[in-house]
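Structure data (mmCIF, N, CA and C atoms) from work_17.cif:
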```cif
data_my_file
loop_
_atom_site.label_atom_id
_atom_site.label_comp_id
_atom_site.auth_asym_id
_atom_site.auth_seq_id
_atom_site.Cartn_x
_atom_site.Cartn_y
_atom_site.Cartn_z
N MET A 1 71.38 129.93 108.48
CA MET A 1 72.26 130.69 109.35
C MET A 1 73.39 131.25 108.51
N SER A 2 73.62 132.54 108.63
CA SER A 2 74.76 133.14 107.94
C SER A 2 75.47 134.10 108.88
N VAL A 3 76.80 134.11 108.79
CA VAL A 3 77.62 135.02 109.57
C VAL A 3 78.51 135.73 108.58
N ARG A 4 78.46 137.06 108.61
CA ARG A 4 79.26 137.86 107.66
C ARG A 4 80.14 138.81 108.45
N HIS A 5 81.44 138.77 108.12
CA HIS A 5 82.40 139.67 108.75
C HIS A 5 82.18 141.06 108.16
N THR A 6 81.77 142.01 109.00
CA THR A 6 81.37 143.32 108.50
C THR A 6 82.54 144.29 108.43
N TRP A 7 83.22 144.53 109.56
CA TRP A 7 84.36 145.43 109.53
C TRP A 7 85.29 145.16 110.69
N VAL A 8 86.50 145.73 110.57
CA VAL A 8 87.56 145.55 111.57
C VAL A 8 88.13 146.92 111.91
N VAL A 9 88.41 147.13 113.19
CA VAL A 9 89.08 148.35 113.63
C VAL A 9 90.33 147.91 114.39
N ARG A 10 91.47 148.45 113.98
CA ARG A 10 92.72 148.15 114.67
C ARG A 10 93.24 149.41 115.32
N GLU A 11 93.56 149.31 116.60
CA GLU A 11 94.14 150.42 117.33
C GLU A 11 95.29 149.87 118.13
N GLY A 12 96.50 150.20 117.69
CA GLY A 12 97.68 149.64 118.36
C GLY A 12 97.71 148.14 118.18
N THR A 13 97.71 147.41 119.27
CA THR A 13 97.73 145.95 119.19
C THR A 13 96.34 145.35 119.35
N THR A 14 95.34 146.16 119.60
CA THR A 14 93.97 145.68 119.82
C THR A 14 93.20 145.67 118.51
N THR A 15 92.50 144.58 118.25
CA THR A 15 91.66 144.46 117.06
C THR A 15 90.23 144.17 117.50
N THR A 16 89.29 144.90 116.94
CA THR A 16 87.87 144.69 117.21
C THR A 16 87.19 144.40 115.88
N SER A 17 86.42 143.30 115.84
CA SER A 17 85.73 142.88 114.62
C SER A 17 84.24 142.80 114.86
N TRP A 18 83.46 143.22 113.87
CA TRP A 18 82.00 143.16 113.93
C TRP A 18 81.52 142.11 112.94
N PHE A 19 80.47 141.38 113.33
CA PHE A 19 79.88 140.35 112.50
C PHE A 19 78.37 140.53 112.45
N ASP A 20 77.80 140.43 111.24
CA ASP A 20 76.35 140.39 111.08
C ASP A 20 75.94 138.93 111.08
N VAL A 21 75.00 138.58 111.92
CA VAL A 21 74.54 137.20 112.03
C VAL A 21 73.06 137.18 111.69
N ARG A 22 72.67 136.25 110.83
CA ARG A 22 71.25 136.11 110.47
C ARG A 22 70.84 134.66 110.63
N LEU A 23 69.80 134.46 111.42
CA LEU A 23 69.17 133.14 111.59
C LEU A 23 67.83 133.19 110.88
N THR A 24 67.59 132.25 110.00
CA THR A 24 66.31 132.17 109.32
C THR A 24 65.72 130.80 109.61
N PHE A 25 64.49 130.79 110.09
CA PHE A 25 63.83 129.54 110.45
C PHE A 25 62.87 129.11 109.36
N THR A 26 62.51 127.83 109.36
CA THR A 26 61.65 127.28 108.31
C THR A 26 60.26 127.90 108.29
N ASP A 27 59.79 128.41 109.43
CA ASP A 27 58.45 129.00 109.48
C ASP A 27 58.45 130.47 109.04
N GLY A 28 59.61 130.98 108.59
CA GLY A 28 59.70 132.35 108.11
C GLY A 28 60.19 133.34 109.14
N ALA A 29 60.35 132.90 110.37
CA ALA A 29 60.87 133.79 111.42
C ALA A 29 62.34 134.10 111.13
N ARG A 30 62.77 135.28 111.59
CA ARG A 30 64.14 135.72 111.29
C ARG A 30 64.69 136.45 112.51
N VAL A 31 65.99 136.21 112.79
CA VAL A 31 66.69 136.92 113.86
C VAL A 31 67.98 137.48 113.26
N ASP A 32 68.16 138.79 113.39
CA ASP A 32 69.39 139.46 112.96
C ASP A 32 70.12 139.95 114.20
N ALA A 33 71.43 139.71 114.25
CA ALA A 33 72.21 140.14 115.41
C ALA A 33 73.52 140.76 114.94
N LEU A 34 74.04 141.66 115.75
CA LEU A 34 75.35 142.26 115.51
C LEU A 34 76.25 141.81 116.65
N ALA A 35 77.29 141.03 116.32
CA ALA A 35 78.20 140.51 117.33
C ALA A 35 79.54 141.20 117.19
N VAL A 36 80.22 141.41 118.32
CA VAL A 36 81.50 142.10 118.35
C VAL A 36 82.53 141.20 119.01
N LEU A 37 83.64 141.00 118.32
CA LEU A 37 84.78 140.26 118.86
C LEU A 37 85.84 141.27 119.22
N SER A 38 86.15 141.37 120.52
CA SER A 38 87.15 142.31 120.99
C SER A 38 88.08 141.55 121.92
N GLY A 39 89.32 141.39 121.48
CA GLY A 39 90.26 140.59 122.27
C GLY A 39 89.79 139.15 122.27
N ARG A 40 89.49 138.63 123.44
CA ARG A 40 89.01 137.25 123.55
C ARG A 40 87.52 137.20 123.89
N ASP A 41 86.85 138.34 123.93
CA ASP A 41 85.44 138.41 124.29
C ASP A 41 84.56 138.59 123.07
N VAL A 42 83.41 137.93 123.08
CA VAL A 42 82.41 138.11 122.04
C VAL A 42 81.15 138.63 122.73
N ARG A 43 80.62 139.75 122.19
CA ARG A 43 79.40 140.35 122.73
C ARG A 43 78.38 140.47 121.60
N VAL A 44 77.12 140.35 121.96
CA VAL A 44 76.04 140.61 121.02
C VAL A 44 75.53 142.00 121.35
N GLU A 45 75.70 142.92 120.40
CA GLU A 45 75.33 144.32 120.66
C GLU A 45 73.89 144.64 120.29
N ASP A 46 73.38 143.99 119.26
CA ASP A 46 72.04 144.34 118.79
C ASP A 46 71.35 143.07 118.32
N VAL A 47 70.08 142.92 118.64
CA VAL A 47 69.28 141.79 118.18
C VAL A 47 67.95 142.32 117.69
N ARG A 48 67.57 141.89 116.50
CA ARG A 48 66.25 142.23 115.94
C ARG A 48 65.62 140.93 115.47
N ALA A 49 64.39 140.74 115.82
CA ALA A 49 63.70 139.50 115.46
C ALA A 49 62.32 139.82 114.90
N GLU A 50 61.93 138.99 113.95
CA GLU A 50 60.60 139.13 113.37
C GLU A 50 60.00 137.75 113.24
N PRO A 51 58.99 137.39 113.91
CA PRO A 51 58.27 138.09 114.96
C PRO A 51 59.16 138.21 116.21
N PRO A 52 58.78 139.06 117.15
CA PRO A 52 59.60 139.25 118.35
C PRO A 52 59.84 137.94 119.10
N LEU A 53 61.02 137.84 119.74
CA LEU A 53 61.37 136.63 120.49
C LEU A 53 60.66 136.61 121.84
N SER A 54 60.29 135.41 122.23
CA SER A 54 59.76 135.24 123.58
C SER A 54 60.95 135.20 124.55
N LEU A 55 60.67 135.25 125.84
CA LEU A 55 61.76 135.18 126.82
C LEU A 55 62.50 133.86 126.74
N ASP A 56 61.78 132.77 126.48
CA ASP A 56 62.45 131.46 126.35
C ASP A 56 63.36 131.44 125.13
N ASP A 57 62.88 132.01 124.01
CA ASP A 57 63.70 132.06 122.79
C ASP A 57 64.91 132.96 122.99
N LEU A 58 64.72 134.05 123.70
CA LEU A 58 65.84 134.96 123.97
C LEU A 58 66.92 134.26 124.80
N ALA A 59 66.49 133.41 125.74
CA ALA A 59 67.44 132.65 126.54
C ALA A 59 68.20 131.64 125.68
N MET A 60 67.56 131.14 124.63
CA MET A 60 68.19 130.16 123.74
C MET A 60 69.08 130.82 122.69
N LEU A 61 68.99 132.13 122.52
CA LEU A 61 69.73 132.84 121.48
C LEU A 61 71.22 132.58 121.56
N ALA A 62 71.79 132.60 122.75
CA ALA A 62 73.23 132.36 122.90
C ALA A 62 73.61 130.99 122.36
N GLU A 63 72.80 129.98 122.61
CA GLU A 63 73.10 128.64 122.09
C GLU A 63 73.00 128.60 120.57
N TRP A 64 72.02 129.30 120.01
CA TRP A 64 71.87 129.32 118.55
C TRP A 64 73.06 129.98 117.89
N LEU A 65 73.60 131.04 118.51
CA LEU A 65 74.68 131.81 117.90
C LEU A 65 76.07 131.26 118.19
N GLU A 66 76.22 130.44 119.23
CA GLU A 66 77.54 130.06 119.71
C GLU A 66 78.42 129.39 118.65
N ASN A 67 77.98 128.32 118.04
CA ASN A 67 78.82 127.60 117.08
C ASN A 67 79.11 128.40 115.81
N PRO A 68 78.11 129.01 115.16
CA PRO A 68 78.42 129.79 113.96
C PRO A 68 79.36 130.96 114.23
N LEU A 69 79.18 131.62 115.38
CA LEU A 69 80.09 132.72 115.71
C LEU A 69 81.49 132.20 115.98
N PHE A 70 81.60 131.08 116.67
CA PHE A 70 82.92 130.52 116.94
C PHE A 70 83.64 130.21 115.63
N GLU A 71 82.94 129.61 114.67
CA GLU A 71 83.56 129.28 113.39
C GLU A 71 83.97 130.53 112.62
N ALA A 72 83.16 131.59 112.73
CA ALA A 72 83.49 132.82 112.01
C ALA A 72 84.59 133.61 112.70
N CYS A 73 84.62 133.61 114.02
CA CYS A 73 85.56 134.45 114.77
C CYS A 73 86.96 133.86 114.86
N VAL A 74 87.08 132.58 115.03
CA VAL A 74 88.40 131.99 115.23
C VAL A 74 89.29 132.18 114.01
N PRO A 75 88.84 131.88 112.78
CA PRO A 75 89.73 132.13 111.64
C PRO A 75 90.07 133.60 111.48
N ALA A 76 89.11 134.50 111.77
CA ALA A 76 89.37 135.93 111.61
C ALA A 76 90.41 136.40 112.60
N SER A 77 90.37 135.91 113.82
CA SER A 77 91.35 136.36 114.81
C SER A 77 92.69 135.68 114.61
N ALA A 78 92.70 134.50 113.97
CA ALA A 78 93.97 133.81 113.75
C ALA A 78 94.75 134.41 112.60
N ARG A 79 94.03 135.06 111.68
CA ARG A 79 94.72 135.69 110.54
C ARG A 79 95.51 136.89 111.01
N ALA A 80 96.76 136.91 110.68
CA ALA A 80 97.61 138.05 111.05
C ALA A 80 97.86 138.87 109.80
N VAL A 81 97.24 140.01 109.74
CA VAL A 81 97.44 140.92 108.62
C VAL A 81 98.59 141.85 108.97
N PRO A 82 99.58 141.97 108.08
CA PRO A 82 100.68 142.88 108.41
C PRO A 82 100.15 144.29 108.63
N ALA A 83 100.67 144.92 109.63
CA ALA A 83 100.21 146.27 109.97
C ALA A 83 100.62 147.25 108.88
N ALA A 84 99.67 148.01 108.43
CA ALA A 84 99.93 149.03 107.42
C ALA A 84 100.51 150.26 108.10
N SER A 85 100.99 151.12 107.30
CA SER A 85 101.51 152.37 107.83
C SER A 85 100.38 153.12 108.52
N ARG A 86 100.68 153.81 109.60
CA ARG A 86 99.65 154.55 110.32
C ARG A 86 99.22 155.79 109.56
N ARG A 87 99.98 156.17 108.57
CA ARG A 87 99.64 157.35 107.80
C ARG A 87 98.52 157.01 106.83
N ALA A 88 97.41 157.70 106.94
CA ALA A 88 96.24 157.38 106.14
C ALA A 88 96.34 157.96 104.73
N ARG A 89 97.02 159.08 104.58
CA ARG A 89 97.06 159.70 103.26
C ARG A 89 98.30 159.25 102.50
N PRO A 90 98.24 159.27 101.17
CA PRO A 90 99.38 158.86 100.38
C PRO A 90 100.55 159.82 100.54
N ALA A 91 101.73 159.29 100.27
CA ALA A 91 102.92 160.14 100.35
C ALA A 91 102.83 161.18 99.24
N TRP A 92 103.10 162.42 99.57
CA TRP A 92 103.03 163.51 98.61
C TRP A 92 104.23 164.40 98.85
N PRO A 93 104.98 164.72 97.79
CA PRO A 93 106.15 165.57 97.99
C PRO A 93 105.75 166.97 98.44
N GLY A 94 106.55 167.55 99.26
CA GLY A 94 106.27 168.90 99.74
C GLY A 94 106.99 169.94 98.91
N GLY A 95 106.83 171.15 99.28
CA GLY A 95 107.55 172.25 98.65
C GLY A 95 107.14 172.51 97.22
N ARG A 96 108.09 173.04 96.48
CA ARG A 96 107.85 173.45 95.10
C ARG A 96 107.46 172.29 94.21
N GLU A 97 108.10 171.13 94.39
CA GLU A 97 107.79 169.96 93.57
C GLU A 97 106.34 169.50 93.81
N GLY A 98 105.91 169.50 95.03
CA GLY A 98 104.54 169.11 95.34
C GLY A 98 103.52 170.06 94.72
N ARG A 99 103.81 171.35 94.77
CA ARG A 99 102.89 172.33 94.17
C ARG A 99 102.84 172.19 92.65
N ARG A 100 103.98 171.85 92.04
CA ARG A 100 104.02 171.64 90.59
C ARG A 100 103.16 170.43 90.20
N LEU A 101 103.32 169.32 90.93
CA LEU A 101 102.52 168.12 90.66
C LEU A 101 101.03 168.37 90.92
N LEU A 102 100.75 169.12 91.95
CA LEU A 102 99.38 169.47 92.28
C LEU A 102 98.75 170.26 91.12
N ALA A 103 99.50 171.21 90.56
CA ALA A 103 98.98 172.01 89.45
C ALA A 103 98.71 171.12 88.23
N GLN A 104 99.56 170.12 88.00
CA GLN A 104 99.32 169.20 86.88
C GLN A 104 98.03 168.43 87.09
N GLU A 105 97.81 167.93 88.29
CA GLU A 105 96.57 167.20 88.59
C GLU A 105 95.35 168.10 88.43
N TYR A 106 95.46 169.33 88.90
CA TYR A 106 94.38 170.30 88.82
C TYR A 106 94.00 170.56 87.36
N ARG A 107 95.02 170.84 86.53
CA ARG A 107 94.76 171.11 85.10
C ARG A 107 94.20 169.89 84.39
N ALA A 108 94.72 168.69 84.70
CA ALA A 108 94.22 167.47 84.06
C ALA A 108 92.74 167.25 84.39
N ALA A 109 92.37 167.49 85.62
CA ALA A 109 90.97 167.31 86.01
C ALA A 109 90.07 168.31 85.30
N ARG A 110 90.53 169.55 85.16
CA ARG A 110 89.72 170.57 84.46
C ARG A 110 89.56 170.19 83.00
N GLU A 111 90.63 169.69 82.35
CA GLU A 111 90.54 169.31 80.94
C GLU A 111 89.59 168.14 80.73
N GLU A 112 89.52 167.22 81.71
CA GLU A 112 88.62 166.07 81.60
C GLU A 112 87.20 166.41 81.99
N GLY A 113 86.97 167.63 82.49
CA GLY A 113 85.63 168.04 82.87
C GLY A 113 85.26 167.64 84.29
N GLY A 114 86.24 167.21 85.08
CA GLY A 114 85.97 166.81 86.46
C GLY A 114 86.18 167.97 87.42
N ASP A 115 85.95 167.71 88.68
CA ASP A 115 86.14 168.70 89.71
C ASP A 115 87.62 168.73 90.09
N PRO A 116 88.32 169.83 89.80
CA PRO A 116 89.75 169.87 90.07
C PRO A 116 90.09 169.81 91.56
N VAL A 117 89.24 170.36 92.41
CA VAL A 117 89.52 170.33 93.85
C VAL A 117 89.41 168.89 94.36
N LEU A 118 88.41 168.15 93.90
CA LEU A 118 88.30 166.75 94.30
C LEU A 118 89.48 165.93 93.80
N ALA A 119 89.98 166.25 92.62
CA ALA A 119 91.15 165.55 92.09
C ALA A 119 92.36 165.80 92.99
N VAL A 120 92.53 167.04 93.44
CA VAL A 120 93.64 167.37 94.34
C VAL A 120 93.44 166.67 95.68
N MET A 121 92.21 166.64 96.18
CA MET A 121 91.94 165.96 97.45
C MET A 121 92.28 164.48 97.33
N ARG A 122 91.93 163.86 96.21
CA ARG A 122 92.17 162.44 96.01
C ARG A 122 93.66 162.11 95.99
N VAL A 123 94.45 162.90 95.27
CA VAL A 123 95.87 162.56 95.15
C VAL A 123 96.68 162.94 96.39
N THR A 124 96.28 163.98 97.09
CA THR A 124 97.05 164.39 98.27
C THR A 124 96.55 163.72 99.54
N GLY A 125 95.25 163.36 99.58
CA GLY A 125 94.68 162.77 100.78
C GLY A 125 94.31 163.82 101.81
N HIS A 126 94.33 165.08 101.45
CA HIS A 126 93.99 166.15 102.39
C HIS A 126 92.51 166.53 102.28
N SER A 127 92.04 167.26 103.26
CA SER A 127 90.66 167.74 103.27
C SER A 127 90.47 168.81 102.20
N ARG A 128 89.23 169.19 101.99
CA ARG A 128 88.92 170.21 101.00
C ARG A 128 89.60 171.53 101.36
N ARG A 129 89.55 171.91 102.63
CA ARG A 129 90.14 173.17 103.05
C ARG A 129 91.66 173.18 102.81
N LYS A 130 92.33 172.10 103.19
CA LYS A 130 93.78 172.02 103.00
C LYS A 130 94.11 171.98 101.50
N SER A 131 93.30 171.28 100.71
CA SER A 131 93.54 171.21 99.26
C SER A 131 93.38 172.58 98.63
N LEU A 132 92.37 173.34 99.05
CA LEU A 132 92.20 174.70 98.52
C LEU A 132 93.40 175.58 98.89
N ARG A 133 93.91 175.39 100.08
CA ARG A 133 95.09 176.15 100.50
C ARG A 133 96.29 175.79 99.62
N LEU A 134 96.46 174.48 99.33
CA LEU A 134 97.56 174.06 98.46
C LEU A 134 97.40 174.59 97.04
N ILE A 135 96.16 174.61 96.55
CA ILE A 135 95.90 175.17 95.21
C ILE A 135 96.26 176.65 95.19
N GLY A 136 95.89 177.36 96.25
CA GLY A 136 96.25 178.78 96.34
C GLY A 136 97.76 178.98 96.35
N GLN A 137 98.48 178.12 97.04
CA GLN A 137 99.94 178.21 97.04
C GLN A 137 100.52 177.94 95.66
N ALA A 138 99.92 176.98 94.94
CA ALA A 138 100.38 176.70 93.57
C ALA A 138 100.11 177.91 92.67
N ARG A 139 98.99 178.60 92.88
CA ARG A 139 98.71 179.82 92.12
C ARG A 139 99.73 180.90 92.45
N ASP A 140 100.05 181.06 93.74
CA ASP A 140 101.03 182.06 94.15
C ASP A 140 102.42 181.78 93.56
N GLU A 141 102.75 180.51 93.39
CA GLU A 141 104.05 180.12 92.80
C GLU A 141 104.07 180.34 91.29
N GLY A 142 102.89 180.51 90.67
CA GLY A 142 102.83 180.71 89.23
C GLY A 142 102.55 179.44 88.45
N PHE A 143 102.27 178.32 89.13
CA PHE A 143 101.98 177.06 88.43
C PHE A 143 100.56 177.05 87.87
N LEU A 144 99.66 177.87 88.43
CA LEU A 144 98.29 177.98 87.94
C LEU A 144 98.00 179.45 87.68
N ALA A 145 97.06 179.67 86.75
CA ALA A 145 96.68 181.06 86.43
C ALA A 145 96.01 181.68 87.65
N PRO A 146 96.12 183.00 87.81
CA PRO A 146 95.45 183.67 88.92
C PRO A 146 93.95 183.44 88.87
N ARG A 147 93.32 183.39 89.99
CA ARG A 147 91.89 183.13 90.05
C ARG A 147 91.10 184.28 89.49
N ARG A 148 91.47 185.49 89.81
CA ARG A 148 90.78 186.69 89.32
C ARG A 148 91.82 187.63 88.74
N ALA A 149 91.43 188.31 87.69
CA ALA A 149 92.33 189.31 87.11
C ALA A 149 92.40 190.50 88.07
N ARG A 150 93.60 190.95 88.34
CA ARG A 150 93.77 192.10 89.23
C ARG A 150 93.60 193.38 88.46
N ARG A 151 92.94 194.34 89.09
CA ARG A 151 92.66 195.59 88.40
C ARG A 151 93.61 196.68 88.82
#
```
Turn the structure described in the file into structure tokens.
Amino acid sequence: MSVRHTWVVREGTTTTSWFDVRLTFTDGARVDALAVLSGRDVRVEDVRAEPPLSLDDLAMLAEWLENPLFEACVPASARAVPAASRRARPAWPGGREGRRLLAQEYRAAREEGGDPVLAVMRVTGHSRRKSLRLIGQARDEGFLAPRRARR
């Protein structure tokens, strides 16, 4: 029997955790389940068994999963992780200073042979479209060479 904490989603004060549960029997039979801890409720969302479970075995599934899930869920819910900032992207200076730093990252990525747009996306945390817009602004400011020679 193994229970693995798969992922956690936090929204406001509510935390939802998913667990992968695997039961392996001595005869080679196997049951995989996906359990969800939300608030004080535990639900089994998905069950896969090989060979398929009989109705009697399916009725016993809750008893098989109860203790291992309880041991896995209680410590996870008792742990209080300090709430991180709600802002997903890193802090990035705006205005002229931000465009100057962006141009440095862009040039460094080109010199290393990497994708400069991906480098800008990584440091700013913005999407490709927003990063291209920022690169264009840095070009307009004169921090990067023009994309095409004007005729």
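Relative to atom N of Glu63 of chain A, atom N of Arg4 of chain A is found at 16.7 Å.
If you look at atom N of Pro93 of chain A and atom C of Val123 of chain A, they are 8.6 Å away from each other.
Closest approach to Leu37 of chain A among A:Leu118, A:Leu134, A:Leu55, A:Thr16: A:Thr16, based on all atoms listed in the file.
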8 Å contact set for Phe25 of chain A, only N, CA and C atoms, chain neighbours under 5 positions out, as a list in words:
Met1, Arg30 and Val31 of chain A
Pick out the residues sitting within 10 Å of Val9 of chain A, and hand them over as a PyMOL selection string; count only C-alpha atoms, and ignore anything fewer than 4 positions along from it in its own chain.
chain A and resi 14-18+38
Within 5 Å of Asp20 of chain A, counting all atoms listed in the file, which residues qualify if same-chain residues fewer than 3 places away don't, as a PyMOL selection string?
chain A and resi 3-4+6+33-34
Give as a short mmCIF file (atom, residue, chain, number, x, y, z; two decimals) with N, CA and C atoms, in the frame of the given file every residue, naming chains and numbers as the document does, that has an atom within 5 Å of (100.3, 172.8, 86.6), counting all atoms listed in the file.
```cif
data_model
loop_
_atom_site.label_atom_id
_atom_site.label_comp_id
_atom_site.auth_asym_id
_atom_site.auth_seq_id
_atom_site.Cartn_x
_atom_site.Cartn_y
_atom_site.Cartn_z
N ALA A 103 99.50 171.21 90.56
CA ALA A 103 98.98 172.01 89.45
C ALA A 103 98.71 171.12 88.23
N GLN A 104 99.56 170.12 88.00
CA GLN A 104 99.32 169.20 86.88
C GLN A 104 98.03 168.43 87.09
N PHE A 143 102.27 178.32 89.13
CA PHE A 143 101.98 177.06 88.43
C PHE A 143 100.56 177.05 87.87
#
```
Got a sec: who's within 9 Å of Glu50 of chain A, counting only C-alpha atoms, leaving out chain neighbours fewer than 2 positions off, as a PyMOL selection string?
chain A and resi 28-32+48+52-53
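Atom CA of Pro116 of chain A is found 19.3 Å from atom CA of Ala91 of chain A.
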Residues of segment 9-113 of chain A classed as alpha helix (DSSP H) by DSSP on the backbone are to be reported as a PyMOL selection string.
chain A and resi 55-78+95-112
Kindly export the residues of the current selection with N, CA and C atoms, as a short mmCIF file (atom, residue, chain, number, x, y, z; two decimals), in the coordinates of the input.
```cif
data_model
loop_
_atom_site.label_atom_id
_atom_site.label_comp_id
_atom_site.auth_asym_id
_atom_site.auth_seq_id
_atom_site.Cartn_x
_atom_site.Cartn_y
_atom_site.Cartn_z
N LEU A 55 60.67 135.25 125.84
CA LEU A 55 61.76 135.18 126.82
C LEU A 55 62.50 133.86 126.74
N ASP A 56 61.78 132.77 126.48
CA ASP A 56 62.45 131.46 126.35
C ASP A 56 63.36 131.44 125.13
N ASP A 57 62.88 132.01 124.01
CA ASP A 57 63.70 132.06 122.79
C ASP A 57 64.91 132.96 122.99
N LEU A 58 64.72 134.05 123.70
CA LEU A 58 65.84 134.96 123.97
C LEU A 58 66.92 134.26 124.80
N ALA A 59 66.49 133.41 125.74
CA ALA A 59 67.44 132.65 126.54
C ALA A 59 68.20 131.64 125.68
N MET A 60 67.56 131.14 124.63
CA MET A 60 68.19 130.16 123.74
C MET A 60 69.08 130.82 122.69
N LEU A 61 68.99 132.13 122.52
CA LEU A 61 69.73 132.84 121.48
C LEU A 61 71.22 132.58 121.56
N ALA A 62 71.79 132.60 122.75
CA ALA A 62 73.23 132.36 122.90
C ALA A 62 73.61 130.99 122.36
N GLU A 63 72.80 129.98 122.61
CA GLU A 63 73.10 128.64 122.09
C GLU A 63 73.00 128.60 120.57
N TRP A 64 72.02 129.30 120.01
CA TRP A 64 71.87 129.32 118.55
C TRP A 64 73.06 129.98 117.89
N LEU A 65 73.60 131.04 118.51
CA LEU A 65 74.68 131.81 117.90
C LEU A 65 76.07 131.26 118.19
N GLU A 66 76.22 130.44 119.23
CA GLU A 66 77.54 130.06 119.71
C GLU A 66 78.42 129.39 118.65
N ASN A 67 77.98 128.32 118.04
CA ASN A 67 78.82 127.60 117.08
C ASN A 67 79.11 128.40 115.81
N PRO A 68 78.11 129.01 115.16
CA PRO A 68 78.42 129.79 113.96
C PRO A 68 79.36 130.96 114.23
N LEU A 69 79.18 131.62 115.38
CA LEU A 69 80.09 132.72 115.71
C LEU A 69 81.49 132.20 115.98
N PHE A 70 81.60 131.08 116.67
CA PHE A 70 82.92 130.52 116.94
C PHE A 70 83.64 130.21 115.63
N GLU A 71 82.94 129.61 114.67
CA GLU A 71 83.56 129.28 113.39
C GLU A 71 83.97 130.53 112.62
N ALA A 72 83.16 131.59 112.73
CA ALA A 72 83.49 132.82 112.01
C ALA A 72 84.59 133.61 112.70
N CYS A 73 84.62 133.61 114.02
CA CYS A 73 85.56 134.45 114.77
C CYS A 73 86.96 133.86 114.86
N VAL A 74 87.08 132.58 115.03
CA VAL A 74 88.40 131.99 115.23
C VAL A 74 89.29 132.18 114.01
N PRO A 75 88.84 131.88 112.78
CA PRO A 75 89.73 132.13 111.64
C PRO A 75 90.07 133.60 111.48
N ALA A 76 89.11 134.50 111.77
CA ALA A 76 89.37 135.93 111.61
C ALA A 76 90.41 136.40 112.60
N SER A 77 90.37 135.91 113.82
CA SER A 77 91.35 136.36 114.81
C SER A 77 92.69 135.68 114.61
N ALA A 78 92.70 134.50 113.97
CA ALA A 78 93.97 133.81 113.75
C ALA A 78 94.75 134.41 112.60
N GLY A 95 106.83 171.15 99.28
CA GLY A 95 107.55 172.25 98.65
C GLY A 95 107.14 172.51 97.22
N ARG A 96 108.09 173.04 96.48
CA ARG A 96 107.85 173.45 95.10
C ARG A 96 107.46 172.29 94.21
N GLU A 97 108.10 171.13 94.39
CA GLU A 97 107.79 169.96 93.57
C GLU A 97 106.34 169.50 93.81
N GLY A 98 105.91 169.50 95.03
CA GLY A 98 104.54 169.11 95.34
C GLY A 98 103.52 170.06 94.72
N ARG A 99 103.81 171.35 94.77
CA ARG A 99 102.89 172.33 94.17
C ARG A 99 102.84 172.19 92.65
N ARG A 100 103.98 171.85 92.04
CA ARG A 100 104.02 171.64 90.59
C ARG A 100 103.16 170.43 90.20
N LEU A 101 103.32 169.32 90.93
CA LEU A 101 102.52 168.12 90.66
C LEU A 101 101.03 168.37 90.92
N LEU A 102 100.75 169.12 91.95
CA LEU A 102 99.38 169.47 92.28
C LEU A 102 98.75 170.26 91.12
N ALA A 103 99.50 171.21 90.56
CA ALA A 103 98.98 172.01 89.45
C ALA A 103 98.71 171.12 88.23
N GLN A 104 99.56 170.12 88.00
CA GLN A 104 99.32 169.20 86.88
C GLN A 104 98.03 168.43 87.09
N GLU A 105 97.81 167.93 88.29
CA GLU A 105 96.57 167.20 88.59
C GLU A 105 95.35 168.10 88.43
N TYR A 106 95.46 169.33 88.90
CA TYR A 106 94.38 170.30 88.82
C TYR A 106 94.00 170.56 87.36
N ARG A 107 95.02 170.84 86.53
CA ARG A 107 94.76 171.11 85.10
C ARG A 107 94.20 169.89 84.39
N ALA A 108 94.72 168.69 84.70
CA ALA A 108 94.22 167.47 84.06
C ALA A 108 92.74 167.25 84.39
N ALA A 109 92.37 167.49 85.62
CA ALA A 109 90.97 167.31 86.01
C ALA A 109 90.07 168.31 85.30
N ARG A 110 90.53 169.55 85.16
CA ARG A 110 89.72 170.57 84.46
C ARG A 110 89.56 170.19 83.00
N GLU A 111 90.63 169.69 82.35
CA GLU A 111 90.54 169.31 80.94
C GLU A 111 89.59 168.14 80.73
N GLU A 112 89.52 167.22 81.71
CA GLU A 112 88.62 166.07 81.60
C GLU A 112 87.20 166.41 81.99
#
```
What's the 12 Å shell around Pro146 of chain A, counting only C-alpha atoms, without same-chain residues fewer than 4 positions away, as a PyMOL selection string?
chain A and resi 135-142+150
